[in-house]
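Asker: I'm passing along data_14.txt; it holds compact mmCIF, C-alpha atoms.
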```
# COMPACT_ATOMS: atom_id res chain seq x y z
CA ASP A 1 -96.11 -107.98 -43.61
CA THR A 2 -92.53 -107.23 -44.63
CA ALA A 3 -90.59 -110.43 -45.26
CA VAL A 4 -87.03 -109.25 -44.46
CA SER A 5 -86.72 -106.00 -42.56
CA GLN A 6 -83.68 -104.02 -41.50
CA THR A 7 -83.20 -101.11 -39.12
CA PRO A 8 -82.12 -98.44 -39.46
CA LYS A 9 -82.55 -97.58 -43.14
CA TYR A 10 -79.92 -94.84 -42.91
CA LEU A 11 -77.03 -94.57 -40.48
CA VAL A 12 -74.62 -91.64 -40.40
CA THR A 13 -71.83 -91.77 -37.87
CA GLN A 14 -68.31 -90.62 -37.08
CA MET A 15 -65.14 -92.64 -37.61
CA GLY A 16 -64.22 -94.69 -34.59
CA ASN A 17 -67.78 -95.20 -33.37
CA ASP A 18 -69.44 -98.58 -32.82
CA LYS A 19 -72.82 -99.23 -34.45
CA SER A 20 -75.29 -102.07 -34.99
CA ILE A 21 -77.68 -102.92 -37.79
CA LYS A 22 -80.61 -105.21 -37.08
CA CYS A 23 -82.30 -107.70 -39.38
CA GLU A 24 -85.43 -109.74 -38.92
CA GLN A 25 -87.21 -112.17 -41.24
CA ASN A 26 -90.71 -113.50 -40.79
CA LEU A 27 -90.47 -116.13 -43.52
CA GLY A 28 -89.50 -118.98 -41.22
CA HIS A 29 -86.21 -119.38 -43.08
CA ASP A 30 -83.26 -121.20 -41.55
CA THR A 31 -80.45 -119.29 -43.22
CA MET A 32 -79.65 -115.59 -43.04
CA TYR A 33 -76.92 -113.53 -44.69
CA TRP A 34 -75.18 -110.18 -44.60
CA TYR A 35 -73.96 -108.59 -47.82
CA LYS A 36 -72.05 -105.37 -48.45
CA GLN A 37 -72.73 -103.30 -51.58
CA ASP A 38 -70.14 -100.64 -52.33
CA SER A 39 -70.55 -97.38 -54.21
CA LYS A 40 -70.01 -99.16 -57.54
CA LYS A 41 -72.92 -101.51 -56.71
CA PHE A 42 -70.57 -104.48 -56.30
CA LEU A 43 -72.27 -106.93 -53.94
CA LYS A 44 -70.24 -109.29 -51.78
CA ILE A 45 -71.27 -111.75 -49.12
CA MET A 46 -69.90 -111.20 -45.63
CA PHE A 47 -71.54 -113.84 -43.41
CA SER A 48 -74.23 -116.46 -43.32
CA TYR A 49 -75.90 -118.19 -40.40
CA ASN A 50 -77.95 -121.35 -40.44
CA ASN A 51 -80.14 -121.85 -37.38
CA LYS A 52 -77.96 -119.52 -35.29
CA GLU A 53 -74.74 -121.22 -36.41
CA LEU A 54 -72.09 -119.36 -38.43
CA ILE A 55 -71.65 -121.05 -41.81
CA ILE A 56 -69.97 -118.54 -44.13
CA ASN A 57 -67.39 -116.10 -42.86
CA GLU A 58 -65.69 -114.31 -45.71
CA THR A 59 -62.52 -112.30 -45.34
CA VAL A 60 -64.04 -109.54 -43.30
CA PRO A 61 -62.20 -107.49 -40.65
CA ASN A 62 -62.95 -108.77 -37.18
CA ARG A 63 -64.38 -105.35 -36.35
CA PHE A 64 -67.52 -106.85 -37.93
CA SER A 65 -69.32 -109.28 -35.67
CA PRO A 66 -72.62 -110.90 -36.58
CA LYS A 67 -74.94 -112.08 -33.84
CA SER A 68 -77.92 -114.36 -34.24
CA PRO A 69 -80.06 -114.47 -31.08
CA ASP A 70 -82.56 -116.75 -32.83
CA LYS A 71 -83.08 -117.99 -36.37
CA ALA A 72 -85.35 -115.06 -37.27
CA HIS A 73 -82.77 -112.42 -36.40
CA LEU A 74 -79.25 -111.67 -37.58
CA ASN A 75 -77.67 -108.46 -36.35
CA LEU A 76 -74.42 -106.91 -37.49
CA HIS A 77 -72.23 -105.03 -35.04
CA ILE A 78 -69.36 -102.93 -36.32
CA ASN A 79 -66.61 -101.63 -34.02
CA SER A 80 -64.27 -98.72 -34.66
CA LEU A 81 -65.95 -97.64 -37.87
CA GLU A 82 -63.71 -96.56 -40.77
CA LEU A 83 -64.39 -94.45 -43.83
CA GLY A 84 -64.16 -97.55 -46.02
CA ASP A 85 -67.07 -99.13 -44.17
CA SER A 86 -69.43 -96.69 -45.90
CA ALA A 87 -71.69 -98.84 -48.06
CA VAL A 88 -75.17 -100.29 -48.24
CA TYR A 89 -75.54 -103.42 -46.11
CA PHE A 90 -78.15 -105.96 -47.12
CA CYS A 91 -79.57 -108.72 -45.04
CA ALA A 92 -81.08 -111.73 -46.81
CA SER A 93 -82.64 -115.05 -45.89
CA SER A 94 -83.33 -118.36 -47.60
CA GLN A 95 -84.87 -121.71 -46.96
CA GLU A 96 -83.14 -124.90 -47.97
CA THR A 97 -84.59 -125.64 -51.40
CA SER A 98 -83.03 -126.98 -54.56
CA TYR A 99 -82.41 -123.53 -55.99
CA ASN A 100 -81.93 -121.56 -52.74
CA GLU A 101 -83.76 -118.31 -53.55
CA GLN A 102 -82.50 -115.54 -51.33
CA PHE A 103 -84.90 -112.84 -50.13
CA PHE A 104 -83.29 -109.49 -49.52
CA GLY A 105 -84.08 -106.72 -47.09
CA PRO A 106 -84.31 -103.09 -48.22
CA GLY A 107 -80.75 -102.28 -47.15
CA THR A 108 -79.09 -100.00 -44.62
CA ARG A 109 -77.05 -97.15 -46.02
CA LEU A 110 -74.11 -96.56 -43.70
CA THR A 111 -72.14 -93.35 -44.06
CA VAL A 112 -69.00 -92.91 -42.00
CA LEU A 113 -67.74 -89.33 -41.74
CA GLY B 1 -61.17 -117.69 -58.95
CA GLU B 2 -64.66 -116.38 -58.35
CA ASP B 3 -65.31 -113.65 -60.90
CA VAL B 4 -68.66 -112.94 -62.49
CA GLU B 5 -68.51 -110.23 -65.13
CA GLN B 6 -71.23 -108.14 -66.75
CA SER B 7 -71.27 -105.06 -68.91
CA LEU B 8 -72.06 -101.97 -66.84
CA PHE B 9 -74.77 -100.25 -68.86
CA LEU B 10 -77.48 -101.00 -71.38
CA SER B 11 -79.88 -98.49 -72.84
CA VAL B 12 -82.92 -99.57 -74.89
CA ARG B 13 -86.06 -98.04 -76.29
CA GLU B 14 -89.40 -99.03 -74.79
CA GLY B 15 -90.89 -101.98 -76.65
CA ASP B 16 -87.53 -103.31 -77.86
CA SER B 17 -85.83 -106.41 -76.50
CA SER B 18 -82.99 -106.13 -74.01
CA VAL B 19 -80.19 -108.66 -73.73
CA ILE B 20 -77.98 -108.62 -70.66
CA ASN B 21 -74.87 -110.80 -70.73
CA CYS B 22 -72.81 -112.41 -68.01
CA THR B 23 -69.70 -114.57 -67.89
CA TYR B 24 -68.91 -116.68 -64.88
CA THR B 25 -65.97 -118.83 -63.85
CA ASP B 26 -67.18 -121.67 -61.64
CA SER B 27 -68.04 -124.62 -63.87
CA SER B 28 -69.35 -126.56 -60.86
CA SER B 29 -72.15 -124.04 -60.19
CA THR B 30 -75.42 -125.91 -59.91
CA TYR B 31 -77.68 -122.93 -60.43
CA LEU B 32 -77.32 -119.56 -62.08
CA TYR B 33 -79.58 -116.66 -61.28
CA TRP B 34 -80.78 -113.27 -62.41
CA TYR B 35 -81.67 -110.79 -59.71
CA LYS B 36 -83.18 -107.31 -60.19
CA GLN B 37 -82.44 -104.30 -57.98
CA GLU B 38 -84.70 -101.27 -58.26
CA PRO B 39 -83.47 -97.91 -56.91
CA GLY B 40 -83.26 -97.81 -53.13
CA ALA B 41 -84.34 -101.43 -52.75
CA GLY B 42 -82.91 -104.85 -52.14
CA LEU B 43 -82.41 -107.51 -54.78
CA GLN B 44 -85.27 -109.66 -55.98
CA LEU B 45 -84.93 -112.98 -57.76
CA LEU B 46 -86.22 -112.75 -61.33
CA THR B 47 -85.41 -116.19 -62.59
CA TYR B 48 -82.86 -118.99 -62.31
CA ILE B 49 -81.63 -121.85 -64.43
CA PHE B 50 -80.33 -125.27 -63.50
CA SER B 51 -76.88 -125.94 -64.91
CA ASN B 52 -77.97 -128.91 -67.04
CA MET B 53 -80.43 -126.73 -68.98
CA ASP B 54 -79.51 -124.45 -71.82
CA MET B 55 -82.66 -122.35 -71.97
CA LYS B 56 -85.50 -121.30 -69.74
CA GLN B 57 -88.44 -119.12 -70.67
CA ASP B 58 -90.66 -117.34 -68.18
CA GLN B 59 -93.17 -114.93 -69.74
CA ARG B 60 -91.10 -111.98 -71.11
CA LEU B 61 -87.85 -113.42 -69.78
CA THR B 62 -85.60 -115.87 -71.62
CA VAL B 63 -82.43 -117.20 -70.04
CA LEU B 64 -79.76 -118.80 -72.19
CA LEU B 65 -76.90 -120.78 -70.70
CA ASN B 66 -73.78 -121.79 -72.58
CA LYS B 67 -71.86 -123.99 -70.16
CA LYS B 68 -68.94 -124.52 -72.49
CA ASP B 69 -68.26 -120.78 -72.68
CA LYS B 70 -69.56 -120.12 -69.13
CA HIS B 71 -71.90 -117.51 -70.59
CA LEU B 72 -75.34 -116.61 -69.29
CA SER B 73 -77.76 -114.15 -70.83
CA LEU B 74 -81.11 -112.65 -69.94
CA ARG B 75 -83.42 -111.46 -72.68
CA ILE B 76 -86.34 -109.24 -71.76
CA ALA B 77 -88.94 -109.01 -74.51
CA ASP B 78 -91.04 -105.86 -75.00
CA THR B 79 -88.98 -103.92 -72.46
CA GLN B 80 -90.97 -101.45 -70.38
CA THR B 81 -89.90 -98.38 -68.40
CA GLY B 82 -90.63 -100.37 -65.24
CA ASP B 83 -87.83 -102.72 -66.24
CA SER B 84 -85.28 -99.96 -65.61
CA ALA B 85 -83.11 -101.29 -62.79
CA ILE B 86 -79.77 -102.96 -62.11
CA TYR B 87 -79.63 -106.62 -63.09
CA PHE B 88 -77.24 -108.99 -61.37
CA CYS B 89 -76.32 -112.45 -62.48
CA ALA B 90 -75.13 -114.82 -59.78
CA GLU B 91 -73.62 -118.29 -59.59
CA SER B 92 -74.03 -120.73 -56.75
CA VAL B 93 -70.93 -122.18 -55.14
CA TYR B 94 -71.14 -125.94 -55.22
CA ASN B 95 -72.46 -127.55 -52.04
CA THR B 96 -72.88 -124.25 -50.19
CA ASP B 97 -75.53 -121.56 -49.85
CA LYS B 98 -73.04 -119.00 -51.10
CA LEU B 99 -73.80 -116.91 -54.18
CA ILE B 100 -71.23 -114.97 -56.16
CA PHE B 101 -72.82 -111.93 -57.74
CA GLY B 102 -71.79 -110.24 -60.94
CA THR B 103 -70.87 -106.60 -61.22
CA GLY B 104 -74.41 -105.61 -62.22
CA THR B 105 -75.80 -104.12 -65.45
CA ARG B 106 -77.77 -100.90 -65.23
CA LEU B 107 -80.64 -101.10 -67.72
CA GLN B 108 -82.19 -97.81 -68.78
CA VAL B 109 -85.38 -97.87 -70.81
CA PHE B 110 -86.36 -94.70 -72.61
CA PRO B 111 -89.71 -93.90 -74.23
```
Please lay out the structure from this file as structure tokens.
Answerer:
Amino acid sequence: DTAVSQTPKYLVTQMGNDKSIKCEQNLGHDTMYWYKQDSKKFLKIMFSYNNKELIINETVPNRFSPKSPDKAHLNLHINSLELGDSAVYFCASSQETSYNEQFFGPGTRLTVL
Amino acid sequence: GEDVEQSLFLSVREGDSSVINCTYTDSSSTYLYWYKQEPGAGLQLLTYIFSNMDMKQDQRLTVLLNKKDKHLSLRIADTQTGDSAIYFCAESVYNTDKLIFGTGTRLQVFP
């Protein structure tokens, strides 16, 4: 009964390829997020969606395109992968509460060769 | 600017107290948080504090907030080896769901 799940857990690919990471939450939350954590563990938000609508769109190259087919899923598609895209990508979700606790998935480690 | 700073490492002996410090910049943050990341896992909320409070205690955890200095700390009493992890403070951005995370503090607990 995993709350926020991501697939795949590991992704190794060549520069220039296109890849997708999938995220699903079974918590009934309205808001979902994508974060990138670099090799120094610095964690930065990329996108958030509320009920399939894009809310937060940080300064991220447009090679990154999030897609939310329904409010339980938020997928991340990356075109023309670059070496600098290597990182751990975390999906998270939250429900609208006063303190907005975010629940994180286990992460997808992307390695671009 | 949106900068949340933490010291990178902290090493403590089992049974001692740990204090992890954080400075943030956004004085309009409504909530401040402490998240824990264990190896190979996602982040998990440990505790949070509302900006009009200056202290919150939750079992072994004590959060202190100094709004004037924009300083947040997390004290873990009777630190255990299972507390070894990376601890992130985070500030909420006013009127959004956005969180700004700190640089993370790696806590190592040795026997």
Asker: Kindly provide, as a ChimeraX atom specification, the polymer residues lying within 7 Å of (-65.7, -103.0, -35.7), counting all atoms listed in the file and using the coordinates exactly as they appear in the file.
Answerer: /A:18,62-64,77-81
Asker: Which residues come within 7 Å of Lys22 (chain A), counting all atoms listed in the file, excluding same-chain residues fewer than 3 positions away, as a list in words?
Answerer: Gln6, Thr7, Leu74, Asn75 and Leu76 of chain A
Asker: Between A:Val4, A:Cys23, A:Leu113, A:Leu43, which residue has the minimum interatomic distance to chain B, considering all atoms listed in the file?
Answerer: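 Answer, going by the shortest atom-to-atom distance: A:Leu43.
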Asker: List the neighbours of region 8-14 of chain B out to 9 Å using all atoms listed in the file; skip same-chain residues closer than 6 positions along the sequence, and give me the result as a PyMOL selection string.
Answerer: chain B and resi 20+78-81+86+103-111
Asker: Could you list, as an mmCIF file with C-alpha atoms, in the frame of the given file, the residues of chain A having an atom within 9 Å of chain B when counting all atoms listed in the file?
Answerer:
```
data_model
loop_
_atom_site.group_PDB
_atom_site.id
_atom_site.type_symbol
_atom_site.label_atom_id
_atom_site.label_comp_id
_atom_site.auth_asym_id
_atom_site.auth_seq_id
_atom_site.Cartn_x
_atom_site.Cartn_y
_atom_site.Cartn_z
ATOM 1 C CA THR A 31 -80.450 -119.290 -43.220
ATOM 2 C CA LYS A 40 -70.010 -99.160 -57.540
ATOM 3 C CA LYS A 41 -72.920 -101.510 -56.710
ATOM 4 C CA PHE A 42 -70.570 -104.480 -56.300
ATOM 5 C CA LEU A 43 -72.270 -106.930 -53.940
ATOM 6 C CA LYS A 44 -70.240 -109.290 -51.780
ATOM 7 C CA ILE A 45 -71.270 -111.750 -49.120
ATOM 8 C CA SER A 48 -74.230 -116.460 -43.320
ATOM 9 C CA ILE A 55 -71.650 -121.050 -41.810
ATOM 10 C CA ILE A 56 -69.970 -118.540 -44.130
ATOM 11 C CA PHE A 90 -78.150 -105.960 -47.120
ATOM 12 C CA CYS A 91 -79.570 -108.720 -45.040
ATOM 13 C CA ALA A 92 -81.080 -111.730 -46.810
ATOM 14 C CA SER A 94 -83.330 -118.360 -47.600
ATOM 15 C CA GLU A 96 -83.140 -124.900 -47.970
ATOM 16 C CA SER A 98 -83.030 -126.980 -54.560
ATOM 17 C CA TYR A 99 -82.410 -123.530 -55.990
ATOM 18 C CA ASN A 100 -81.930 -121.560 -52.740
ATOM 19 C CA GLU A 101 -83.760 -118.310 -53.550
ATOM 20 C CA GLN A 102 -82.500 -115.540 -51.330
ATOM 21 C CA PHE A 103 -84.900 -112.840 -50.130
ATOM 22 C CA PHE A 104 -83.290 -109.490 -49.520
ATOM 23 C CA GLY A 105 -84.080 -106.720 -47.090
ATOM 24 C CA PRO A 106 -84.310 -103.090 -48.220
ATOM 25 C CA GLY A 107 -80.750 -102.280 -47.150
#
```
Asker: Ranking B:Ser84, B:Ser29, B:Asn95, B:Asn21 by minimum distance to Val63 (chain B) and counting only C-alpha atoms, which one comes first?
Answerer: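 Smallest separation from Val63 (chain B) among the options: B:Asn21.
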Asker: Record the distance separating CA of Ser73 (chain B) and CA of Val19 (chain B), expressed in Å with one decimal.
Answerer: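 Here the two named atoms are 6.7 Å from each other.
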Asker: Measuring atom to atom with only C-alpha atoms, identify which of A:Ser39, A:Ser5, A:Ser65, A:Asn51 is nearest to Ser20 (chain A).
Answerer: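 When distances to Ser20 (chain A) are compared using only C-alpha atoms, the smallest one comes from A:Ser65.
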Asker: May I ask for the distance between CA of Lys36 (chain B) and CA of Thr13 (chain A), given in Å to one decimal place?
Answerer: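 The value is 29.5 Å.
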Asker: At what distance in Å, to one decimal, does CA of Trp34 (chain A) lie from CA of Phe47 (chain A)?
Answerer: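 Going from CA of Phe47 (chain A) over to CA of Trp34 (chain A) covers 5.3 Å.
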Asker: Restricting the calculation to all atoms listed in the file, which member of A:Ala87, A:Tyr10, A:Glu82, A:Glu24 is positioned closest to Pro69 (chain A)?
Answerer: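 Smallest separation from Pro69 (chain A) among the options: A:Glu24.
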Asker: Which of these, A:Leu27, A:Met32, A:Met46, A:Asp38, has the shortest distance to Leu110 (chain A) once you count only C-alpha atoms?
Answerer: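 Among A:Leu27, A:Met32, A:Met46, A:Asp38, it is A:Asp38 that comes nearest to Leu110 (chain A).
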Asker: Kindly indicate which residue among A:Lys67, A:Ser86, A:Arg109, A:Asn26 lies nearest to Glu53 (chain A), using all atoms listed in the file for the distances.
Answerer: A:Lys67
